[in-house]
$ cat target08.tsv   # TSV, C-alpha atoms
chain	number	residue	atom	x	y	z
M	15	MET	CA	-3.58	21.00	4.60
M	16	ASN	CA	-4.20	18.28	7.15
M	17	GLU	CA	-7.66	17.75	5.73
M	18	SER	CA	-6.24	16.49	2.47
M	19	LYS	CA	-5.23	13.25	4.24
M	20	LEU	CA	-8.88	12.62	4.94
M	21	THR	CA	-9.59	13.38	1.30
M	22	ILE	CA	-7.17	10.72	0.07
M	23	ASN	CA	-8.62	8.18	2.48
M	24	ALA	CA	-12.14	9.10	1.46
M	25	PHE	CA	-11.18	9.02	-2.21
M	26	THR	CA	-9.64	5.56	-1.77
M	27	LEU	CA	-12.76	4.36	-0.01
M	28	VAL	CA	-15.00	5.69	-2.78
M	29	VAL	CA	-12.79	4.08	-5.45
M	30	MET	CA	-12.94	0.81	-3.56
M	31	LEU	CA	-16.70	0.84	-3.29
M	32	PHE	CA	-17.29	1.78	-6.91
M	33	SER	CA	-14.70	-0.74	-8.09
M	34	ALA	CA	-16.42	-3.48	-6.14
M	35	ILE	CA	-19.72	-2.57	-7.76
M	36	MET	CA	-18.16	-2.36	-11.23
M	37	PHE	CA	-16.16	-5.54	-11.03
M	38	PHE	CA	-18.59	-7.81	-9.24
M	39	PHE	CA	-21.93	-6.72	-10.60
M	40	THR	CA	-21.67	-5.01	-13.95
M	41	LEU	CA	-18.37	-5.62	-15.62
M	42	VAL	CA	-17.70	-8.89	-17.41
M	43	ILE	CA	-13.99	-9.41	-17.74
M	44	PRO	CA	-13.19	-10.81	-21.17
M	45	SER	CA	-10.20	-13.02	-21.70
M	46	ILE	CA	-7.67	-11.96	-24.31
M	47	SER	CA	-6.99	-15.61	-25.09
M	48	ASP	CA	-10.59	-16.40	-26.07
M	49	TRP	CA	-10.85	-14.72	-29.42
M	50	THR	CA	-11.40	-17.83	-31.52
M	51	ALA	CA	-13.46	-21.00	-31.21
M	52	VAL	CA	-11.29	-24.07	-30.63
M	53	ASN	CA	-11.82	-27.83	-30.90
M	54	ASP	CA	-8.44	-29.51	-31.31
M	55	TYR	CA	-7.42	-33.10	-30.68
M	56	TYR	CA	-3.74	-34.08	-30.58
M	57	ARG	CA	-2.93	-37.74	-30.11
M	58	ILE	CA	0.01	-38.54	-27.83
M	59	GLU	CA	2.13	-40.92	-29.89
M	60	GLY	CA	2.52	-44.41	-28.45
M	61	THR	CA	-0.53	-44.13	-26.20
M	62	ASP	CA	-4.30	-44.19	-26.39
M	63	TYR	CA	-4.43	-40.68	-24.98
M	64	ALA	CA	-4.81	-37.28	-26.57
M	65	ILE	CA	-4.48	-33.65	-25.56
M	66	VAL	CA	-7.71	-31.80	-26.25
M	67	TYR	CA	-8.37	-28.07	-26.42
M	68	SER	CA	-12.02	-27.32	-26.80
M	69	ASP	CA	-14.58	-24.61	-26.18
M	70	ARG	CA	-17.28	-27.28	-25.88
M	71	LYS	CA	-15.75	-29.33	-23.09
M	72	GLU	CA	-12.92	-29.12	-20.57
M	73	ASN	CA	-9.36	-28.93	-21.85
M	74	GLY	CA	-7.25	-31.86	-20.75
M	75	ILE	CA	-5.93	-35.32	-21.44
M	76	TYR	CA	-8.56	-37.63	-22.87
M	77	GLU	CA	-8.58	-41.37	-23.55
M	78	GLY	CA	-9.98	-42.88	-26.72
M	79	PRO	CA	-10.95	-41.69	-30.19
M	80	GLN	CA	-11.92	-38.07	-30.78
M	81	GLN	CA	-15.70	-38.54	-30.88
M	82	THR	CA	-16.00	-40.79	-27.82
M	83	CYS	CA	-12.99	-39.76	-25.76
M	84	VAL	CA	-13.18	-39.65	-21.97
M	85	LEU	CA	-11.57	-37.00	-19.80
M	86	LYS	CA	-8.74	-38.38	-17.66
M	87	LEU	CA	-7.03	-35.21	-16.41
M	88	GLU	CA	-8.24	-31.65	-16.70
M	89	GLY	CA	-5.83	-28.86	-17.62
M	90	SER	CA	-4.49	-26.85	-20.55
M	91	PHE	CA	-1.54	-28.99	-21.58
M	92	GLY	CA	0.75	-27.93	-24.37
M	93	HIS	CA	1.34	-29.87	-27.52
M	94	ASP	CA	3.15	-27.15	-29.39
M	95	TRP	CA	6.52	-26.46	-27.75
M	96	GLY	CA	7.53	-29.86	-26.48
M	97	ILE	CA	6.10	-33.09	-25.17
M	98	ALA	CA	7.93	-36.25	-24.14
M	99	LEU	CA	6.74	-39.71	-23.19
M	100	GLU	CA	8.86	-41.94	-20.97
M	101	GLU	CA	6.59	-44.72	-19.71
M	102	PRO	CA	4.78	-44.30	-17.44
M	103	TYR	CA	5.49	-40.57	-17.35
M	104	LEU	CA	4.34	-37.89	-19.73
M	105	TYR	CA	6.33	-34.65	-19.60
M	106	VAL	CA	4.38	-31.71	-20.91
M	107	ASN	CA	3.86	-27.96	-20.48
M	108	GLU	CA	0.78	-26.91	-18.57
M	109	TYR	CA	-0.56	-23.47	-19.37
M	110	THR	CA	-2.20	-21.50	-16.62
M	111	TYR	CA	-4.25	-18.39	-17.24
M	112	THR	CA	-4.82	-15.30	-15.20
M	113	ASP	CA	-8.30	-13.79	-15.03
M	114	MET	CA	-7.40	-11.43	-17.85
M	115	GLY	CA	-6.05	-14.23	-19.98
M	116	LEU	CA	-2.28	-13.86	-19.62
M	117	ILE	CA	-0.62	-17.22	-20.10
M	118	HIS	CA	2.09	-18.81	-17.98
M	119	SER	CA	3.68	-22.19	-18.48
M	120	ASP	CA	4.75	-24.84	-15.97
M	121	LEU	CA	6.59	-28.06	-16.71
M	122	VAL	CA	4.58	-30.96	-15.30
M	123	ARG	CA	5.07	-34.71	-15.10
M	124	ILE	CA	1.96	-36.86	-15.41
M	125	ASP	CA	1.91	-40.49	-14.38
M	126	LEU	CA	-0.24	-42.10	-17.06
M	127	THR	CA	-1.19	-45.03	-14.80
M	128	THR	CA	-2.59	-42.95	-11.95
M	129	PHE	CA	-2.92	-39.55	-13.68
M	130	ARG	CA	-1.13	-37.92	-10.82
M	131	LYS	CA	0.35	-34.60	-11.84
M	132	ASP	CA	3.59	-33.19	-10.39
M	133	VAL	CA	4.83	-29.69	-11.16
M	134	LEU	CA	8.57	-30.04	-11.83
M	135	PHE	CA	9.27	-26.38	-12.62
M	136	LYS	CA	7.01	-23.38	-12.43
M	137	ASP	CA	7.42	-20.80	-15.20
M	138	ALA	CA	9.29	-23.22	-17.42
M	139	ILE	CA	8.89	-24.41	-20.99
M	140	LEU	CA	9.72	-27.93	-22.10
M	141	ARG	CA	11.32	-27.79	-25.53
M	142	GLY	CA	11.64	-31.52	-26.22
M	143	ARG	CA	14.46	-34.03	-26.11
M	144	CYS	CA	18.06	-33.46	-27.08
M	145	ALA	CA	19.95	-35.77	-29.44
M	146	SER	CA	20.93	-38.09	-26.58
M	147	GLY	CA	17.37	-38.33	-25.26
M	148	GLU	CA	17.44	-36.05	-22.21
M	149	LEU	CA	14.63	-33.57	-21.73
M	150	VAL	CA	15.47	-29.96	-22.46
M	151	CYS	CA	13.54	-27.16	-20.78
M	152	ILE	CA	13.97	-23.46	-20.12
M	153	THR	CA	13.27	-22.37	-16.56
M	154	GLY	CA	12.56	-18.86	-15.28
M	155	TYR	CA	11.20	-17.91	-18.65
M	156	PRO	CA	8.20	-15.68	-19.36
M	157	MET	CA	5.81	-16.72	-22.10
M	158	PRO	CA	6.55	-14.74	-25.26
M	159	SER	CA	2.82	-14.18	-25.86
M	160	THR	CA	2.61	-11.50	-23.18
M	161	PHE	CA	3.55	-8.62	-25.44
M	162	PRO	CA	4.80	-5.93	-25.50
M	163	ASP	CA	7.92	-7.43	-24.01
M	164	THR	CA	6.75	-7.52	-21.34
M	165	ASN	CA	3.58	-5.82	-20.16
M	166	SER	CA	3.21	-4.38	-16.67
M	167	MET	CA	1.08	-7.22	-15.28
M	168	SER	CA	3.59	-9.79	-16.53
M	169	ASN	CA	6.38	-7.81	-14.93
M	170	LEU	CA	4.53	-7.82	-11.63
M	171	TYR	CA	4.12	-11.59	-11.93
M	172	ASN	CA	7.79	-11.96	-12.81
M	173	MET	CA	8.90	-10.18	-9.64
M	174	ALA	CA	7.95	-13.09	-7.41
M	175	ALA	CA	8.84	-15.66	-10.05
M	176	GLY	CA	12.42	-14.40	-10.09
M	177	ILE	CA	12.28	-13.71	-13.79
M	178	ALA	CA	14.28	-10.62	-14.62
M	179	ASP	CA	13.85	-8.57	-17.74
M	180	GLY	CA	16.53	-8.66	-20.39
M	181	GLY	CA	18.06	-12.11	-19.98
M	182	ASP	CA	20.34	-11.42	-17.03
M	183	GLY	CA	20.92	-15.09	-16.30
M	184	SER	CA	17.73	-15.80	-14.37
M	185	SER	CA	16.61	-18.05	-17.25
M	186	ARG	CA	18.40	-21.37	-17.51
M	187	VAL	CA	18.47	-24.27	-19.93
M	188	VAL	CA	17.99	-27.42	-17.87
M	189	TYR	CA	18.62	-31.00	-18.98
M	190	LEU	CA	16.53	-33.62	-17.17
M	191	ASP	CA	16.78	-37.36	-16.93
M	192	PRO	CA	13.41	-38.54	-18.30
M	193	ALA	CA	13.42	-41.70	-16.19
M	194	THR	CA	13.92	-40.01	-12.83
M	195	SER	CA	13.16	-36.33	-13.59
M	196	GLU	CA	16.47	-35.40	-11.99
M	197	THR	CA	18.42	-32.41	-13.23
M	198	LEU	CA	21.52	-33.61	-15.05
M	199	TYR	CA	22.94	-30.34	-16.23
M	200	GLU	CA	22.00	-26.68	-16.46
M	201	LEU	CA	23.47	-23.58	-17.98
M	202	PRO	CA	22.43	-19.92	-18.29
M	203	PHE	CA	20.10	-19.01	-21.13
M	204	ASP	CA	20.56	-15.65	-22.82
M	205	GLY	CA	16.93	-15.46	-23.99
M	206	ALA	CA	17.74	-15.77	-27.69
M	207	GLU	CA	15.18	-18.00	-29.41
M	208	ASP	CA	17.03	-17.99	-32.73
M	209	GLY	CA	19.26	-21.01	-33.00
M	210	PHE	CA	17.93	-22.63	-29.83
M	211	ASP	CA	17.29	-25.98	-31.51
M	212	GLU	CA	20.75	-26.05	-33.11
M	213	ALA	CA	22.45	-25.13	-29.83
M	214	TYR	CA	20.57	-27.33	-27.37
M	215	ILE	CA	18.11	-29.75	-29.03
M	216	ASP	CA	20.04	-31.10	-32.02
M	217	ARG	CA	23.14	-31.94	-29.97
M	218	THR	CA	23.85	-34.49	-27.26
M	219	LEU	CA	24.16	-33.55	-23.61
M	220	ASP	CA	27.86	-34.45	-23.70
M	221	ASP	CA	28.41	-32.07	-26.62
M	222	VAL	CA	26.70	-29.21	-24.77
M	223	ARG	CA	28.56	-30.03	-21.57
M	224	GLY	CA	31.89	-30.26	-23.38
M	225	GLU	CA	31.46	-26.91	-25.07
M	226	ALA	CA	30.42	-25.15	-21.88
M	227	GLN	CA	33.46	-26.40	-19.94
M	228	PRO	CA	36.82	-25.07	-21.14
Y	11	MET	CA	-21.71	36.11	11.35
Y	12	ARG	CA	-18.75	35.68	9.11
Y	13	ILE	CA	-17.65	32.16	8.32
Y	14	GLU	CA	-13.90	31.72	8.00
Y	15	TRP	CA	-13.05	29.03	5.59
Y	16	GLY	CA	-9.96	26.91	5.89
Y	17	THR	CA	-8.99	27.81	9.43
Y	18	LYS	CA	-7.86	24.22	10.08
Y	19	ARG	CA	-5.55	24.35	7.13
Y	20	GLY	CA	-3.00	26.45	8.92
Y	21	LYS	CA	-1.08	23.50	10.32
Y	22	ALA	CA	2.10	22.70	8.49
Y	23	LEU	CA	2.25	19.41	6.64
Y	24	THR	CA	4.84	17.33	8.46
Y	25	GLY	CA	7.31	15.12	6.64
Y	26	ALA	CA	5.72	12.02	8.10
Y	27	HIS	CA	2.28	12.96	6.78
Y	28	LEU	CA	3.80	13.75	3.40
Y	29	CYS	CA	5.36	10.28	3.30
Y	30	VAL	CA	2.02	8.64	4.01
Y	31	ARG	CA	0.42	10.63	1.22
Y	32	ILE	CA	3.16	9.81	-1.28
Y	33	PHE	CA	2.76	6.16	-0.33
Y	34	GLN	CA	-1.02	6.36	-0.78
Y	35	VAL	CA	-0.80	8.10	-4.14
Y	36	ALA	CA	1.85	5.60	-5.32
Y	37	SER	CA	-0.50	2.76	-4.33
Y	38	LEU	CA	-3.31	4.30	-6.36
Y	39	LEU	CA	-1.26	4.87	-9.53
Y	40	PRO	CA	-1.34	1.23	-10.77
Y	41	LEU	CA	-5.12	1.01	-10.46
Y	42	PRO	CA	-6.22	2.76	-13.70
Y	43	TYR	CA	-4.12	0.34	-15.76
Y	44	ILE	CA	-5.67	-2.74	-14.15
Y	45	PHE	CA	-9.12	-1.23	-14.41
Y	46	ALA	CA	-8.64	-0.34	-18.08
Y	47	VAL	CA	-7.22	-3.76	-18.95
Y	48	ALA	CA	-10.13	-5.48	-17.20
Y	49	GLY	CA	-12.59	-3.62	-19.40
Y	50	TYR	CA	-10.58	-3.40	-22.60
Y	51	PRO	CA	-7.85	-6.08	-22.83
Y	52	ALA	CA	-6.19	-4.55	-25.89
Y	53	VAL	CA	-4.69	-1.94	-23.54
Y	54	ILE	CA	-2.26	-4.59	-22.37
Y	55	THR	CA	-0.86	-5.08	-25.87
Y	56	SER	CA	0.67	-1.63	-26.13
Y	57	ARG	CA	2.87	0.64	-24.07
Y	58	ASN	CA	0.79	3.59	-22.94
Y	59	VAL	CA	0.46	6.27	-20.26
Y	60	LEU	CA	-1.46	3.94	-17.96
Y	61	SER	CA	1.26	1.30	-18.09
Y	62	ILE	CA	3.89	3.95	-17.33
Y	63	LEU	CA	1.82	5.08	-14.34
Y	64	PHE	CA	1.54	1.45	-13.25
Y	65	ASP	CA	5.31	0.94	-13.37
Y	66	ALA	CA	5.99	4.22	-11.57
Y	67	GLY	CA	3.46	3.45	-8.84
Y	68	ILE	CA	4.62	-0.12	-8.26
Y	69	MET	CA	8.24	1.00	-8.07
Y	70	ALA	CA	7.44	3.87	-5.68
Y	71	ILE	CA	5.76	1.67	-3.08
Y	72	PRO	CA	8.10	-0.22	-0.72
Y	73	ARG	CA	9.77	-3.24	-2.31
Y	74	VAL	CA	8.40	-5.50	0.40
Y	75	GLU	CA	4.85	-4.54	-0.52
Y	76	ALA	CA	5.46	-4.86	-4.25
Y	77	LEU	CA	6.92	-8.30	-3.72
Y	78	ALA	CA	3.94	-9.29	-1.56
Y	79	LEU	CA	1.60	-8.09	-4.32
Y	80	SER	CA	3.53	-10.13	-6.83
Y	81	LEU	CA	3.23	-13.21	-4.61
Y	82	ILE	CA	-0.52	-12.63	-4.30
Y	83	TYR	CA	-0.77	-12.32	-8.08
Y	84	ARG	CA	1.28	-15.45	-8.66
Y	85	ALA	CA	-0.71	-17.45	-6.12
Y	86	THR	CA	-4.17	-16.32	-7.19
Y	87	MET	CA	-3.56	-15.59	-10.91
Y	88	ASN	CA	-6.17	-12.89	-10.41
Y	89	GLU	CA	-5.61	-9.24	-11.31
Y	90	MET	CA	-8.57	-8.15	-9.20
Y	91	ALA	CA	-6.84	-9.52	-6.10
Y	92	VAL	CA	-3.92	-7.19	-6.82
Y	93	TYR	CA	-6.29	-4.29	-7.48
Y	94	PHE	CA	-8.13	-4.62	-4.19
Y	95	ALA	CA	-4.98	-5.45	-2.23
Y	96	LEU	CA	-3.51	-2.12	-3.38
Y	97	LEU	CA	-6.66	-0.27	-2.36
Y	98	VAL	CA	-6.84	-1.97	1.03
Y	99	VAL	CA	-3.17	-1.31	1.80
Y	100	SER	CA	-3.49	2.35	0.74
Y	101	LEU	CA	-6.58	2.85	2.86
Y	102	ALA	CA	-5.23	0.95	5.86
Y	103	ALA	CA	-1.96	2.87	5.76
Y	104	GLY	CA	-3.80	6.20	5.53
Y	105	PHE	CA	-6.00	5.51	8.52
Y	106	THR	CA	-3.41	3.71	10.66
Y	107	PHE	CA	-0.48	6.07	10.18
Y	108	GLY	CA	-2.77	9.09	10.35
Y	109	LYS	CA	-3.99	7.93	13.74
Y	110	LEU	CA	-0.53	6.98	14.99
Y	111	LEU	CA	1.04	10.25	13.89
Y	112	ARG	CA	-1.66	12.22	15.69
Y	113	SER	CA	-1.10	10.34	18.95
Y	114	GLU	CA	0.24	12.21	21.96
Y	115	GLY	CA	3.61	11.84	23.70
Y	116	GLY	CA	6.46	9.72	22.46
Y	117	ALA	CA	4.33	7.34	20.39
Y	118	ALA	CA	4.26	9.64	17.35
Y	119	LEU	CA	8.03	10.08	17.55
Y	120	ARG	CA	8.57	6.32	17.84
Y	121	ILE	CA	6.39	5.63	14.83
Y	122	ARG	CA	8.34	8.21	12.82
Y	123	ARG	CA	11.63	6.54	13.78
Y	124	ALA	CA	10.29	3.10	12.91
Y	125	PHE	CA	8.97	4.42	9.61
Y	126	ALA	CA	12.33	6.01	8.81
Y	127	ALA	CA	14.18	2.79	9.67
Y	128	PHE	CA	11.82	0.80	7.47
Y	129	LEU	CA	12.28	3.20	4.56
Y	130	ALA	CA	16.08	3.12	4.95
Y	131	ALA	CA	16.07	-0.70	4.95
Y	132	ASP	CA	13.75	-0.77	1.95
Y	133	LEU	CA	15.94	1.71	0.11
Y	134	VAL	CA	18.95	-0.55	0.62
Y	135	LEU	CA	16.87	-3.56	-0.49
Y	136	ARG	CA	15.85	-1.89	-3.74
Y	137	LEU	CA	19.41	-0.97	-4.57
Y	138	LEU	CA	20.62	-4.56	-4.31
Y	139	PRO	CA	21.01	-6.31	-7.67
Y	140	LEU	CA	18.30	-8.87	-6.95
Y	141	GLY	CA	16.09	-10.31	-9.68
Y	142	PHE	CA	12.87	-8.70	-8.48
Y	143	ASN	CA	14.47	-5.24	-8.48
Y	144	THR	CA	15.33	-5.28	-12.17
Y	145	VAL	CA	12.00	-6.41	-13.61
Y	146	PHE	CA	10.47	-3.01	-14.35
Y	147	GLY	CA	13.48	-1.44	-15.98
Y	148	LEU	CA	15.80	1.38	-15.00
Y	149	PRO	CA	13.58	4.50	-15.46
Y	150	ALA	CA	10.81	3.18	-13.20
Y	151	ALA	CA	13.34	1.81	-10.70
Y	152	ALA	CA	15.19	5.14	-10.53
Y	153	LEU	CA	11.93	7.04	-10.06
Y	154	GLY	CA	10.87	4.67	-7.29
Y	155	ALA	CA	14.21	4.98	-5.51
Y	156	LEU	CA	14.02	8.77	-5.81
Y	157	CYS	CA	10.52	8.83	-4.29
Y	158	GLU	CA	11.58	6.63	-1.41
Y	159	ALA	CA	14.75	8.66	-0.79
Y	160	ALA	CA	12.66	11.86	-0.75
Y	161	CYS	CA	10.27	10.27	1.78
Y	162	LEU	CA	13.23	9.31	3.96
Y	163	ALA	CA	14.61	12.85	3.78
Y	164	PHE	CA	11.20	14.30	4.75
Y	165	LEU	CA	11.03	11.94	7.70
Y	166	ILE	CA	14.53	12.74	8.92
Y	167	LEU	CA	13.81	16.48	8.72
Y	168	ASP	CA	10.56	15.84	10.54
Y	169	LEU	CA	12.33	13.88	13.27
Y	170	ARG	CA	14.94	16.60	13.70
Y	171	SER	CA	12.34	19.35	14.08
Y	172	ALA	CA	10.32	17.18	16.52
Y	173	GLU	CA	13.45	16.52	18.62
Y	174	ARG	CA	14.29	20.24	18.59
Y	175	ASN	CA	10.79	21.07	19.80
Y	176	ASP	CA	11.13	18.53	22.63

$ encode --input "target08.tsv" --output "structure tokens"
Amino acid sequence: MNESKLTINAFTLVVMLFSAIMFFFTLVIPSISDWTAVNDYYRIEGTDYAIVYSDRKENGIYEGPQQTCVLKLEGSFGHDWGIALEEPYLYVNEYTYTDMGLIHSDLVRIDLTTFRKDVLFKDAILRGRCASGELVCITGYPMPSTFPDTNSMSNLYNMAAGIADGGDGSSRVVYLDPATSETLYELPFDGAEDGFDEAYIDRTLDDVRGEAQP
Amino acid sequence: MRIEWGTKRGKALTGAHLCVRIFQVASLLPLPYIFAVAGYPAVITSRNVLSILFDAGIMAIPRVEALALSLIYRATMNEMAVYFALLVVSLAAGFTFGKLLRSEGGAALRIRRAFAAFLAADLVLRLLPLGFNTVFGLPAAALGALCEAACLAFLILDLRSAERND
């Protein structure tokens, strides 16, 4: 029976060697997010900048009109969930991709004068401004695109990110001051997307605060 | 001349060796899922046997290691890093503990005690209601805790028999 230990070690070694050959020399890992060709240009209102997603050039923030625009900051920035401009800062989601194409979102602040990027919250989604102008984001929140809810690789990622399955209070709705990026108020998020806008976006911070406190 | 096969197989498998093997097998279980997803990404979009094996394997390895793997994944955003980290840890543990457990004198006994203490601490850690313990759901978590508890029991029995022999 003692020889079976050697067998497991030898088996592991063989798997390692063959995996190295497979992964590094023969196998091309496709990305599950690259199924369609993309060339999108979204102007950031009130500025001369635009967020560009393209298969022909780098994703990022560009300056100028679509045909002659110049790259200012590389990155996959979101224009879909929420974006907020508070001169000179642009608050936006930045999507990061794993090698297999799983998507994660960070809330970043970009200084449009220097194009310095600061990550305010990792694994967070900016949802826009509330009725009184504060930024509303959800922190500790996995991207809903990683289905089924959630796959094993996402769960492994979530372990270190502190994101628990099933909305146990690890996700929070955070209100930020757009001028200073300071957290003004936060409350637990139950993970329910339905009615999010009515509950948090369409109301003022004072309304949300008043309802949460008895 | 008659060749006798399997004469070295007469030695009993000690609890400590069994623990190392369970640990190695648990480390290998998540690999087919990562390998399959790397070649055929649609695997990730459905719940299947490979994903169940992944969850079971990740939950059966010590929490400290699983958390370290998760940190590696989060820092590198690279599934291959996780894949090879699992292989390296499994191989290193097999060789290292195999060598230590075969050592003469009190060293083997000390390593068993240290291993048992580590498993007991890890078992307590996985039972705490911390965020990273609840990610994979109750069935996988229960299976992992059961595996680790069985390893601890094997080790304690092993320690007892070693102390009796001394």

$ residues_around --input "target08.tsv" --residues "Pro72 of chain Y" --least-positions-apart "3" --cutoff "7 Å" --atoms "only C-alpha atoms" --output "PyMOL selection string"
chain Y and resi 75-76+132

$ closest_atom_pairs --input "target08.tsv" --of "segment 106-167 of chain Y" --to "segment 56-64 of chain Y" --cutoff "12 Å" --atoms "only C-alpha atoms" --output "CSV"
residue,atom,partner,partner_atom,distance
Y:Phe146,CA,Y:Ile62,CA,10.0
Y:Gly147,CA,Y:Ile62,CA,11.1
Y:Pro149,CA,Y:Ile62,CA,9.9
Y:Ala150,CA,Y:Ile62,CA,8.1
Y:Ala151,CA,Y:Ile62,CA,11.7
Y:Leu153,CA,Y:Leu63,CA,11.2
Y:Gly154,CA,Y:Leu63,CA,11.5

$ residues_around --input "target08.tsv" --residues "Asp191 of chain M" --least-positions-apart "6" --cutoff "12 Å" --atoms "all atoms listed in the file" --output "JSON list (two decimals) with C-alpha atoms, in the coordinates of the input"
[["chain", "number", "residue", "atom", "x", "y", "z"],
["M", 98, "ALA", "CA", 7.93, -36.25, -24.14],
["M", 100, "GLU", "CA", 8.86, -41.94, -20.97],
["M", 103, "TYR", "CA", 5.49, -40.57, -17.35],
["M", 105, "TYR", "CA", 6.33, -34.65, -19.60],
["M", 143, "ARG", "CA", 14.46, -34.03, -26.11],
["M", 144, "CYS", "CA", 18.06, -33.46, -27.08],
["M", 146, "SER", "CA", 20.93, -38.09, -26.58],
["M", 147, "GLY", "CA", 17.37, -38.33, -25.26],
["M", 148, "GLU", "CA", 17.44, -36.05, -22.21],
["M", 149, "LEU", "CA", 14.63, -33.57, -21.73],
["M", 150, "VAL", "CA", 15.47, -29.96, -22.46],
["M", 151, "CYS", "CA", 13.54, -27.16, -20.78],
["M", 197, "THR", "CA", 18.42, -32.41, -13.23],
["M", 198, "LEU", "CA", 21.52, -33.61, -15.05],
["M", 199, "TYR", "CA", 22.94, -30.34, -16.23],
["M", 200, "GLU", "CA", 22.00, -26.68, -16.46],
["M", 219, "LEU", "CA", 24.16, -33.55, -23.61]]

$ residues_around --input "target08.tsv" --residues "segment 106-112 of chain M" --least-positions-apart "4" --cutoff "6 Å" --atoms "all atoms listed in the file" --output "list of chain:residue names"
M:Ser90, M:Phe91, M:Gly92, M:Ile97, M:Leu116, M:Ile117, M:His118, M:Ser119, M:Asp120, M:Leu121, M:Val122, Y:Met87, Y:Asn88

$ closest_residue --input "target08.tsv" --among "Y:Ala46, Y:Leu162, Y:Val145, Y:Cys29" --to "Leu133 of chain Y" --atoms "all atoms listed in the file"
Y:Leu162

$ atom_distance --input "target08.tsv" --atom1 "atom CA of Leu190 of chain M" --atom2 "atom CA of Ile124 of chain M"
15.0 Å

$ atom_distance --input "target08.tsv" --atom1 "atom CA of Ala138 of chain M" --atom2 "atom CA of Ala175 of chain M"
10.6 Å

$ atom_distance --input "target08.tsv" --atom1 "atom CA of Cys157 of chain Y" --atom2 "atom CA of Glu114 of chain Y"
28.4 Å

$ closest_residue --input "target08.tsv" --among "Y:Leu135, Y:Leu165, Y:Ala152, Y:Ile71" --to "Ser100 of chain Y" --atoms "all atoms listed in the file"
Y:Ile71

$ residues_around --input "target08.tsv" --residues "segment 30-40 of chain Y" --least-positions-apart "3" --cutoff "7 Å" --atoms "all atoms listed in the file" --output "ChimeraX atom specification"
/M:19 /Y:26-27,43-44,63-64,67-68,70-71,96-97,100,104

$ closest_residue --input "target08.tsv" --among "M:Ala34, M:Leu104, M:Met157, M:Val188" --to "chain Y" --atoms "all atoms listed in the file"
M:Ala34

$ closest_residue --input "target08.tsv" --among "M:Phe32, M:Thr218, M:Tyr189, M:Glu212" --to "chain Y" --atoms "all atoms listed in the file"
M:Phe32

$ closest_residue --input "target08.tsv" --among "M:Leu85, M:Leu140, M:Ile35, M:Met114" --to "chain Y" --atoms "only C-alpha atoms"
M:Met114

$ closest_residue --input "target08.tsv" --among "M:Leu99, M:Leu87, M:Leu27, M:Met167" --to "Gly74 of chain M" --atoms "all atoms listed in the file"
M:Leu87

$ axis_aligned_box --input "target08.tsv" --around "segment 90-100 of chain Y" --padding-each-side "5 Å" --output "AutoDock Vina command-line options"
--center_x -5.9 --center_y -3.6 --center_z -3.7 --size_x 15.4 --size_y 21.9 --size_z 21.0
